[in-house]
file model.txt (compact mmCIF, N, CA and C atoms)
# COMPACT_ATOMS: atom_id res chain seq x y z
N MET A 1 94.92 90.53 92.96
CA MET A 1 95.79 91.55 92.42
C MET A 1 97.01 90.86 91.81
N GLN A 2 97.40 91.28 90.61
CA GLN A 2 98.54 90.70 89.94
C GLN A 2 99.83 91.21 90.54
N GLY A 3 100.89 90.42 90.37
CA GLY A 3 102.18 90.75 90.97
C GLY A 3 102.76 92.05 90.47
N ASN A 4 102.68 92.30 89.15
CA ASN A 4 103.23 93.54 88.61
C ASN A 4 102.52 94.76 89.18
N GLU A 5 101.21 94.68 89.24
CA GLU A 5 100.41 95.79 89.78
C GLU A 5 100.73 96.01 91.26
N ALA A 6 100.89 94.93 92.00
CA ALA A 6 101.20 95.04 93.43
C ALA A 6 102.57 95.65 93.64
N ARG A 7 103.55 95.24 92.83
CA ARG A 7 104.90 95.80 92.97
C ARG A 7 104.90 97.29 92.67
N VAL A 8 104.22 97.70 91.62
CA VAL A 8 104.18 99.13 91.26
C VAL A 8 103.47 99.93 92.35
N LEU A 9 102.41 99.37 92.92
CA LEU A 9 101.67 100.07 93.96
C LEU A 9 102.52 100.29 95.21
N LEU A 10 103.41 99.33 95.51
CA LEU A 10 104.30 99.47 96.67
C LEU A 10 105.58 100.24 96.35
N GLY A 11 105.76 100.64 95.07
CA GLY A 11 106.89 101.49 94.72
C GLY A 11 108.07 100.75 94.13
N PHE A 12 107.91 99.50 93.73
CA PHE A 12 108.99 98.73 93.10
C PHE A 12 108.81 98.77 91.59
N PRO A 13 109.90 98.57 90.82
CA PRO A 13 109.74 98.40 89.37
C PRO A 13 108.93 97.13 89.08
N SER A 14 108.21 97.13 87.96
CA SER A 14 107.29 96.00 87.70
C SER A 14 108.02 94.70 87.43
N ASN A 15 109.28 94.73 87.03
CA ASN A 15 109.99 93.48 86.74
C ASN A 15 110.95 93.07 87.86
N SER A 16 110.86 93.68 89.04
CA SER A 16 111.76 93.38 90.15
C SER A 16 111.23 92.22 90.99
N THR A 17 112.11 91.65 91.79
CA THR A 17 111.72 90.61 92.74
C THR A 17 112.20 91.04 94.12
N PRO A 18 111.41 91.80 94.85
CA PRO A 18 111.84 92.29 96.17
C PRO A 18 111.82 91.17 97.21
N THR A 19 112.67 91.32 98.20
CA THR A 19 112.71 90.36 99.31
C THR A 19 111.57 90.67 100.28
N PRO A 20 111.23 89.73 101.14
CA PRO A 20 110.17 90.00 102.12
C PRO A 20 110.44 91.22 103.01
N SER A 21 111.71 91.43 103.38
CA SER A 21 112.01 92.60 104.22
C SER A 21 111.81 93.89 103.43
N GLN A 22 112.15 93.88 102.13
CA GLN A 22 111.92 95.07 101.31
C GLN A 22 110.43 95.32 101.13
N ILE A 23 109.66 94.25 100.97
CA ILE A 23 108.20 94.38 100.82
C ILE A 23 107.60 94.97 102.09
N LYS A 24 108.06 94.47 103.24
CA LYS A 24 107.53 94.97 104.51
C LYS A 24 107.88 96.44 104.72
N ALA A 25 109.12 96.82 104.39
CA ALA A 25 109.53 98.21 104.55
C ALA A 25 108.73 99.13 103.62
N ALA A 26 108.53 98.69 102.37
CA ALA A 26 107.76 99.51 101.43
C ALA A 26 106.30 99.62 101.88
N TYR A 27 105.75 98.52 102.41
CA TYR A 27 104.38 98.53 102.91
C TYR A 27 104.24 99.53 104.05
N ARG A 28 105.15 99.50 105.00
CA ARG A 28 105.07 100.42 106.14
C ARG A 28 105.19 101.88 105.68
N ARG A 29 106.07 102.12 104.73
CA ARG A 29 106.24 103.48 104.23
C ARG A 29 104.96 103.96 103.54
N LYS A 30 104.36 103.11 102.71
CA LYS A 30 103.13 103.49 102.00
C LYS A 30 101.95 103.65 102.96
N VAL A 31 101.91 102.82 103.99
CA VAL A 31 100.82 102.92 104.97
C VAL A 31 100.89 104.26 105.70
N TRP A 32 102.10 104.69 106.05
CA TRP A 32 102.24 105.98 106.73
C TRP A 32 101.83 107.13 105.82
N GLU A 33 102.01 106.95 104.51
CA GLU A 33 101.63 108.01 103.59
C GLU A 33 100.13 108.06 103.34
N SER A 34 99.45 106.91 103.42
CA SER A 34 98.05 106.87 102.98
C SER A 34 97.08 106.39 104.05
N HIS A 35 97.46 106.41 105.30
CA HIS A 35 96.53 105.95 106.34
C HIS A 35 95.34 106.90 106.43
N PRO A 36 94.11 106.37 106.46
CA PRO A 36 92.91 107.24 106.45
C PRO A 36 92.81 108.19 107.63
N ASP A 37 93.40 107.85 108.76
CA ASP A 37 93.31 108.73 109.93
C ASP A 37 94.14 110.01 109.76
N LEU A 38 95.04 110.03 108.79
CA LEU A 38 95.89 111.19 108.58
C LEU A 38 95.27 112.22 107.64
N PHE A 39 94.14 111.90 107.03
CA PHE A 39 93.51 112.77 106.05
C PHE A 39 92.29 113.45 106.62
N PRO A 40 91.93 114.63 106.08
CA PRO A 40 90.69 115.28 106.52
C PRO A 40 89.47 114.48 106.07
N LEU A 41 88.34 114.81 106.60
CA LEU A 41 87.12 114.03 106.40
C LEU A 41 86.72 113.92 104.93
N HIS A 42 86.88 114.98 104.15
CA HIS A 42 86.45 114.93 102.76
C HIS A 42 87.39 114.10 101.87
N LYS A 43 88.59 113.78 102.32
CA LYS A 43 89.52 112.95 101.55
C LYS A 43 89.65 111.54 102.12
N LYS A 44 88.88 111.23 103.15
CA LYS A 44 89.02 109.96 103.85
C LYS A 44 88.63 108.76 102.98
N SER A 45 87.61 108.88 102.16
CA SER A 45 87.18 107.74 101.35
C SER A 45 88.26 107.37 100.32
N TYR A 46 88.91 108.37 99.73
CA TYR A 46 90.00 108.09 98.79
C TYR A 46 91.16 107.41 99.51
N ALA A 47 91.49 107.91 100.70
CA ALA A 47 92.59 107.33 101.47
C ALA A 47 92.27 105.89 101.88
N GLU A 48 91.01 105.61 102.24
CA GLU A 48 90.63 104.25 102.61
C GLU A 48 90.78 103.29 101.44
N SER A 49 90.35 103.71 100.24
CA SER A 49 90.48 102.84 99.08
C SER A 49 91.94 102.59 98.74
N LYS A 50 92.77 103.61 98.85
CA LYS A 50 94.20 103.45 98.58
C LYS A 50 94.84 102.56 99.64
N PHE A 51 94.44 102.72 100.88
CA PHE A 51 94.97 101.91 101.98
C PHE A 51 94.62 100.44 101.77
N LYS A 52 93.39 100.16 101.36
CA LYS A 52 92.98 98.78 101.10
C LYS A 52 93.75 98.19 99.94
N ALA A 53 93.99 98.97 98.91
CA ALA A 53 94.76 98.48 97.76
C ALA A 53 96.20 98.16 98.16
N ILE A 54 96.79 99.01 99.00
CA ILE A 54 98.16 98.77 99.46
C ILE A 54 98.21 97.51 100.32
N SER A 55 97.22 97.33 101.18
CA SER A 55 97.18 96.12 102.02
C SER A 55 97.01 94.87 101.17
N GLU A 56 96.18 94.94 100.15
CA GLU A 56 95.99 93.80 99.26
C GLU A 56 97.27 93.49 98.49
N ALA A 57 97.97 94.53 98.04
CA ALA A 57 99.23 94.33 97.33
C ALA A 57 100.27 93.68 98.23
N TYR A 58 100.33 94.13 99.46
CA TYR A 58 101.27 93.55 100.43
C TYR A 58 100.98 92.08 100.66
N ALA A 59 99.70 91.75 100.85
CA ALA A 59 99.33 90.35 101.09
C ALA A 59 99.62 89.49 99.88
N SER A 60 99.37 90.00 98.69
CA SER A 60 99.60 89.18 97.50
C SER A 60 101.09 88.98 97.25
N LEU A 61 101.91 89.97 97.54
CA LEU A 61 103.35 89.80 97.34
C LEU A 61 103.94 88.85 98.37
N LEU A 62 103.49 88.92 99.60
CA LEU A 62 104.04 88.03 100.62
C LEU A 62 103.54 86.60 100.48
N SER A 63 102.35 86.43 99.97
CA SER A 63 101.83 85.07 99.84
C SER A 63 102.43 84.34 98.64
N GLY A 64 103.14 85.06 97.78
CA GLY A 64 103.76 84.42 96.65
C GLY A 64 102.91 84.44 95.40
N ALA A 65 101.78 85.16 95.42
CA ALA A 65 100.94 85.27 94.23
C ALA A 65 101.65 86.19 93.26
N ARG A 66 102.22 85.62 92.19
CA ARG A 66 103.02 86.39 91.24
C ARG A 66 102.28 86.53 89.93
N GLY A 67 102.48 87.64 89.28
CA GLY A 67 101.89 87.87 87.97
C GLY A 67 102.78 87.32 86.88
N GLU A 68 102.44 87.59 85.66
CA GLU A 68 103.21 87.08 84.55
C GLU A 68 104.52 87.85 84.42
N GLY A 69 105.54 87.13 83.95
CA GLY A 69 106.82 87.76 83.72
C GLY A 69 107.68 87.89 84.95
N SER A 70 107.38 87.20 86.01
CA SER A 70 108.20 87.29 87.20
C SER A 70 108.64 85.90 87.61
N SER A 71 109.65 85.87 88.42
CA SER A 71 110.14 84.58 88.88
C SER A 71 109.17 84.00 89.90
N SER A 72 109.21 82.70 90.04
CA SER A 72 108.26 82.05 90.94
C SER A 72 108.93 81.75 92.28
N ALA A 73 109.44 82.78 92.92
CA ALA A 73 110.05 82.61 94.22
C ALA A 73 108.96 82.48 95.28
N THR A 74 109.18 81.64 96.24
CA THR A 74 108.21 81.48 97.33
C THR A 74 108.84 81.97 98.62
N TYR A 75 108.00 82.55 99.47
CA TYR A 75 108.46 83.04 100.74
C TYR A 75 107.86 82.17 101.84
N SER A 76 108.66 81.86 102.83
CA SER A 76 108.14 81.07 103.95
C SER A 76 108.37 81.85 105.23
N ARG A 77 107.58 81.55 106.21
CA ARG A 77 107.70 82.21 107.49
C ARG A 77 108.36 81.28 108.50
N VAL A 78 109.15 81.85 109.39
CA VAL A 78 109.79 81.08 110.44
C VAL A 78 108.85 81.05 111.63
N VAL A 79 108.60 79.86 112.14
CA VAL A 79 107.71 79.72 113.29
C VAL A 79 108.57 79.53 114.52
N ARG A 80 108.39 80.39 115.48
CA ARG A 80 109.14 80.29 116.73
C ARG A 80 108.36 79.44 117.71
N THR A 81 109.01 78.45 118.24
CA THR A 81 108.33 77.55 119.17
C THR A 81 108.75 77.78 120.61
N GLY A 82 109.70 78.65 120.86
CA GLY A 82 110.10 78.94 122.23
C GLY A 82 111.23 78.04 122.69
N MET A 83 111.51 78.09 123.97
CA MET A 83 112.58 77.30 124.55
C MET A 83 112.10 75.87 124.78
N PRO A 84 112.99 74.89 124.59
CA PRO A 84 112.59 73.51 124.88
C PRO A 84 112.40 73.32 126.38
N ARG A 85 111.50 72.43 126.73
CA ARG A 85 111.23 72.18 128.14
C ARG A 85 112.33 71.33 128.77
N ALA A 86 112.57 71.57 130.04
CA ALA A 86 113.57 70.80 130.76
C ALA A 86 113.02 69.41 131.06
N PRO A 87 113.88 68.40 131.07
CA PRO A 87 113.39 67.05 131.38
C PRO A 87 112.97 66.94 132.83
N GLY A 88 111.99 66.11 133.09
CA GLY A 88 111.56 65.87 134.46
C GLY A 88 110.23 66.51 134.80
N GLY A 89 109.90 67.61 134.15
CA GLY A 89 108.61 68.26 134.41
C GLY A 89 108.54 68.80 135.82
N GLY A 90 107.43 68.55 136.51
CA GLY A 90 107.25 69.02 137.88
C GLY A 90 106.84 70.49 137.90
N ILE A 91 107.10 71.15 139.02
CA ILE A 91 106.72 72.54 139.18
C ILE A 91 107.65 73.41 138.35
N THR A 92 107.12 74.33 137.64
CA THR A 92 107.93 75.18 136.77
C THR A 92 108.28 76.48 137.47
N ASN A 93 109.23 77.18 136.89
CA ASN A 93 109.60 78.48 137.46
C ASN A 93 108.45 79.46 137.40
N ARG A 94 107.60 79.33 136.40
CA ARG A 94 106.47 80.22 136.26
C ARG A 94 105.55 80.12 137.48
N ASN A 95 105.32 78.89 137.96
CA ASN A 95 104.47 78.72 139.14
C ASN A 95 105.15 79.25 140.40
N LEU A 96 106.47 79.09 140.49
CA LEU A 96 107.18 79.61 141.66
C LEU A 96 107.12 81.14 141.70
N ILE A 97 107.10 81.76 140.57
CA ILE A 97 107.01 83.21 140.52
C ILE A 97 105.57 83.66 140.76
N ARG A 98 104.60 82.91 140.29
CA ARG A 98 103.20 83.30 140.37
C ARG A 98 102.65 83.24 141.80
N ILE A 99 103.09 82.28 142.61
CA ILE A 99 102.52 82.06 143.96
C ILE A 99 102.67 83.29 144.87
N PRO A 100 103.86 83.90 145.01
CA PRO A 100 103.95 85.07 145.90
C PRO A 100 103.07 86.23 145.45
N PHE A 101 102.91 86.43 144.15
CA PHE A 101 102.07 87.52 143.67
C PHE A 101 100.61 87.29 144.04
N ILE A 102 100.17 86.06 144.03
CA ILE A 102 98.80 85.77 144.43
C ILE A 102 98.58 86.14 145.89
N PHE A 103 99.56 85.80 146.75
CA PHE A 103 99.43 86.16 148.16
C PHE A 103 99.47 87.67 148.36
N ILE A 104 100.29 88.36 147.62
CA ILE A 104 100.37 89.83 147.73
C ILE A 104 99.05 90.46 147.32
N ILE A 105 98.48 89.99 146.23
CA ILE A 105 97.22 90.56 145.74
C ILE A 105 96.09 90.29 146.71
N LEU A 106 95.97 89.04 147.19
CA LEU A 106 94.90 88.70 148.13
C LEU A 106 95.05 89.46 149.44
N GLY A 107 96.29 89.60 149.93
CA GLY A 107 96.51 90.33 151.17
C GLY A 107 96.18 91.80 151.02
N THR A 108 96.55 92.38 149.90
CA THR A 108 96.27 93.80 149.67
C THR A 108 94.77 94.05 149.59
N VAL A 109 94.07 93.18 148.88
CA VAL A 109 92.62 93.35 148.76
C VAL A 109 91.95 93.21 150.12
N GLY A 110 92.35 92.19 150.87
CA GLY A 110 91.73 91.94 152.18
C GLY A 110 92.01 93.05 153.17
N LEU A 111 93.27 93.42 153.33
CA LEU A 111 93.62 94.45 154.30
C LEU A 111 93.21 95.84 153.83
N GLY A 112 93.30 96.08 152.55
CA GLY A 112 92.89 97.39 152.03
C GLY A 112 91.41 97.61 152.22
N GLY A 113 90.60 96.59 151.98
CA GLY A 113 89.17 96.69 152.18
C GLY A 113 88.81 96.91 153.63
N LEU A 114 89.56 96.25 154.51
CA LEU A 114 89.32 96.40 155.94
C LEU A 114 89.63 97.83 156.39
N ASN A 115 90.74 98.36 155.95
CA ASN A 115 91.10 99.73 156.34
C ASN A 115 90.12 100.75 155.75
N ALA A 116 89.67 100.53 154.55
CA ALA A 116 88.73 101.46 153.94
C ALA A 116 87.40 101.47 154.69
N SER A 117 86.92 100.32 155.08
CA SER A 117 85.64 100.28 155.80
C SER A 117 85.79 100.91 157.19
N ARG A 118 86.95 100.72 157.82
CA ARG A 118 87.18 101.35 159.12
C ARG A 118 87.19 102.87 158.99
N ALA A 119 87.86 103.37 157.97
CA ALA A 119 87.94 104.82 157.77
C ALA A 119 86.56 105.39 157.45
N TYR A 120 85.75 104.67 156.70
CA TYR A 120 84.41 105.13 156.36
C TYR A 120 83.54 105.22 157.62
N LYS A 121 83.61 104.19 158.45
CA LYS A 121 82.81 104.20 159.69
C LYS A 121 83.25 105.33 160.62
N LYS A 122 84.56 105.55 160.72
CA LYS A 122 85.07 106.61 161.60
C LYS A 122 84.61 107.98 161.12
N GLN A 123 84.66 108.21 159.80
CA GLN A 123 84.23 109.49 159.27
C GLN A 123 82.72 109.67 159.43
N LYS A 124 81.96 108.59 159.28
CA LYS A 124 80.52 108.67 159.44
C LYS A 124 80.14 109.03 160.88
N GLU A 125 80.90 108.48 161.85
CA GLU A 125 80.63 108.80 163.26
C GLU A 125 81.02 110.25 163.56
N THR A 126 82.14 110.72 162.98
CA THR A 126 82.62 112.06 163.26
C THR A 126 81.73 113.12 162.62
N TYR A 127 81.32 112.90 161.38
CA TYR A 127 80.51 113.86 160.64
C TYR A 127 79.23 113.18 160.19
N PRO A 128 78.23 113.11 161.05
CA PRO A 128 76.99 112.45 160.64
C PRO A 128 76.26 113.27 159.57
N SER A 129 75.63 112.59 158.67
CA SER A 129 74.93 113.25 157.57
C SER A 129 73.49 113.52 157.97
N HIS A 130 73.01 114.71 157.64
CA HIS A 130 71.63 115.05 157.90
C HIS A 130 70.78 114.86 156.66
N ASN A 131 71.39 114.45 155.58
CA ASN A 131 70.70 114.21 154.34
C ASN A 131 70.21 112.75 154.32
N PRO A 132 68.90 112.49 154.22
CA PRO A 132 68.42 111.12 154.26
C PRO A 132 68.80 110.28 153.03
N PHE A 133 69.25 110.95 151.95
CA PHE A 133 69.60 110.21 150.76
C PHE A 133 71.06 109.76 150.75
N LEU A 134 71.90 110.27 151.66
CA LEU A 134 73.29 109.85 151.75
C LEU A 134 73.42 108.75 152.80
N PRO A 135 74.35 107.85 152.62
CA PRO A 135 74.50 106.76 153.61
C PRO A 135 75.02 107.24 154.94

call {"tool": "encode", "arguments": {"input": "model.txt", "output": "C-alpha cells"}}
result
Amino acid sequence: MQGNEARVLLGFPSNSTPTPSQIKAAYRRKVWESHPDLFPLHKKSYAESKFKAISEAYASLLSGARGEGSSSATYSRVVRTGMPRAPGGGITNRNLIRIPFIFIILGTVGLGGLNASRAYKKQKETYPSHNPFLP
C-alpha cells in the first residue's frame, strides 16, 4: 500500500507526515468504527475488507514505507530491557517470594484433599447408597 493511500485511509491529508502517536490514535479510532464484530452478519464481509485495509495502512505507515511526494522520515521503536541486575548474583528476590507460595499451594492441596476424602467417607457411612451404579 502506498503512503498517500494509507494516510487517506487513516484520515490524514495525503501530503501530511503524521507522528507515530498520531498514526496509532487514528488507527484505533478507525478500528473502532470498522471492526467486523460490530456489524450485522450481512455487512460483515465489507467490514472485514475495510478492517484489513486499515491494518495494512497502519503497518505500512509505521514501517516507514512511504509513497511518492512525502518525506522519508523513519520511525524507530524503543526496546525496554528492564532493570539492570545487581552485582553479585546469588538468590534473587523472585526466588525468595516464590518459595513460600510453593509451600502454601502444596499444603493446601495435601490438606484439602485429606479433608475432602474424610468428608466423603463420613457421608458414605451415614447415607449408604442403594444404587449399584453410585460409589

call {"tool": "closest_residue", "arguments": {"input": "model.txt", "among": "A:Val109, A:Ala47, A:Leu62, A:Val31", "to": "Ala6 of chain A", "atoms": "only C-alpha atoms"}}
result
A:Leu62

call {"tool": "closest_residue", "arguments": {"input": "model.txt", "among": "A:Ser55, A:Ser63, A:Thr108, A:Gln123", "to": "Ala26 of chain A", "atoms": "only C-alpha atoms"}}
result
A:Ser55

call {"tool": "residues_around", "arguments": {"input": "model.txt", "residues": "Ile23 of chain A", "least_positions_apart": "5", "cutoff": "8 Å", "atoms": "only N, CA and C atoms", "output": "short mmCIF file (atom, residue, chain, number, x, y, z; two decimals) with N, CA and C atoms, keeping the file's coordinate frame"}}
result
data_model
loop_
_atom_site.label_atom_id
_atom_site.label_comp_id
_atom_site.auth_asym_id
_atom_site.auth_seq_id
_atom_site.Cartn_x
_atom_site.Cartn_y
_atom_site.Cartn_z
N LEU A 10 103.41 99.33 95.51
CA LEU A 10 104.30 99.47 96.67
C LEU A 10 105.58 100.24 96.35
N THR A 17 112.11 91.65 91.79
CA THR A 17 111.72 90.61 92.74
C THR A 17 112.20 91.04 94.12
N PRO A 18 111.41 91.80 94.85
CA PRO A 18 111.84 92.29 96.17
C PRO A 18 111.82 91.17 97.21
N ARG A 28 105.15 99.50 105.00
CA ARG A 28 105.07 100.42 106.14
C ARG A 28 105.19 101.88 105.68
N ARG A 29 106.07 102.12 104.73
CA ARG A 29 106.24 103.48 104.23
C ARG A 29 104.96 103.96 103.54
N TYR A 58 100.33 94.13 99.46
CA TYR A 58 101.27 93.55 100.43
C TYR A 58 100.98 92.08 100.66
N LEU A 61 101.91 89.97 97.54
CA LEU A 61 103.35 89.80 97.34
C LEU A 61 103.94 88.85 98.37
N LEU A 62 103.49 88.92 99.60
CA LEU A 62 104.04 88.03 100.62
C LEU A 62 103.54 86.60 100.48
#

call {"tool": "atom_distance", "arguments": {"input": "model.txt", "atom1": "atom C of Pro13 of chain A", "atom2": "atom N of Pro36 of chain A"}}
result
24.6 Å

call {"tool": "closest_residue", "arguments": {"input": "model.txt", "among": "A:Lys124, A:Arg118, A:Lys30, A:His130", "to": "Leu9 of chain A", "atoms": "all atoms listed in the file"}}
result
A:Lys30

call {"tool": "atom_distance", "arguments": {"input": "model.txt", "atom1": "atom CA of Gly3 of chain A", "atom2": "atom N of Ser45 of chain A"}}
result
25.8 Å

call {"tool": "atom_distance", "arguments": {"input": "model.txt", "atom1": "atom CA of Glu48 of chain A", "atom2": "atom CA of Asn4 of chain A"}}
result
21.7 Å
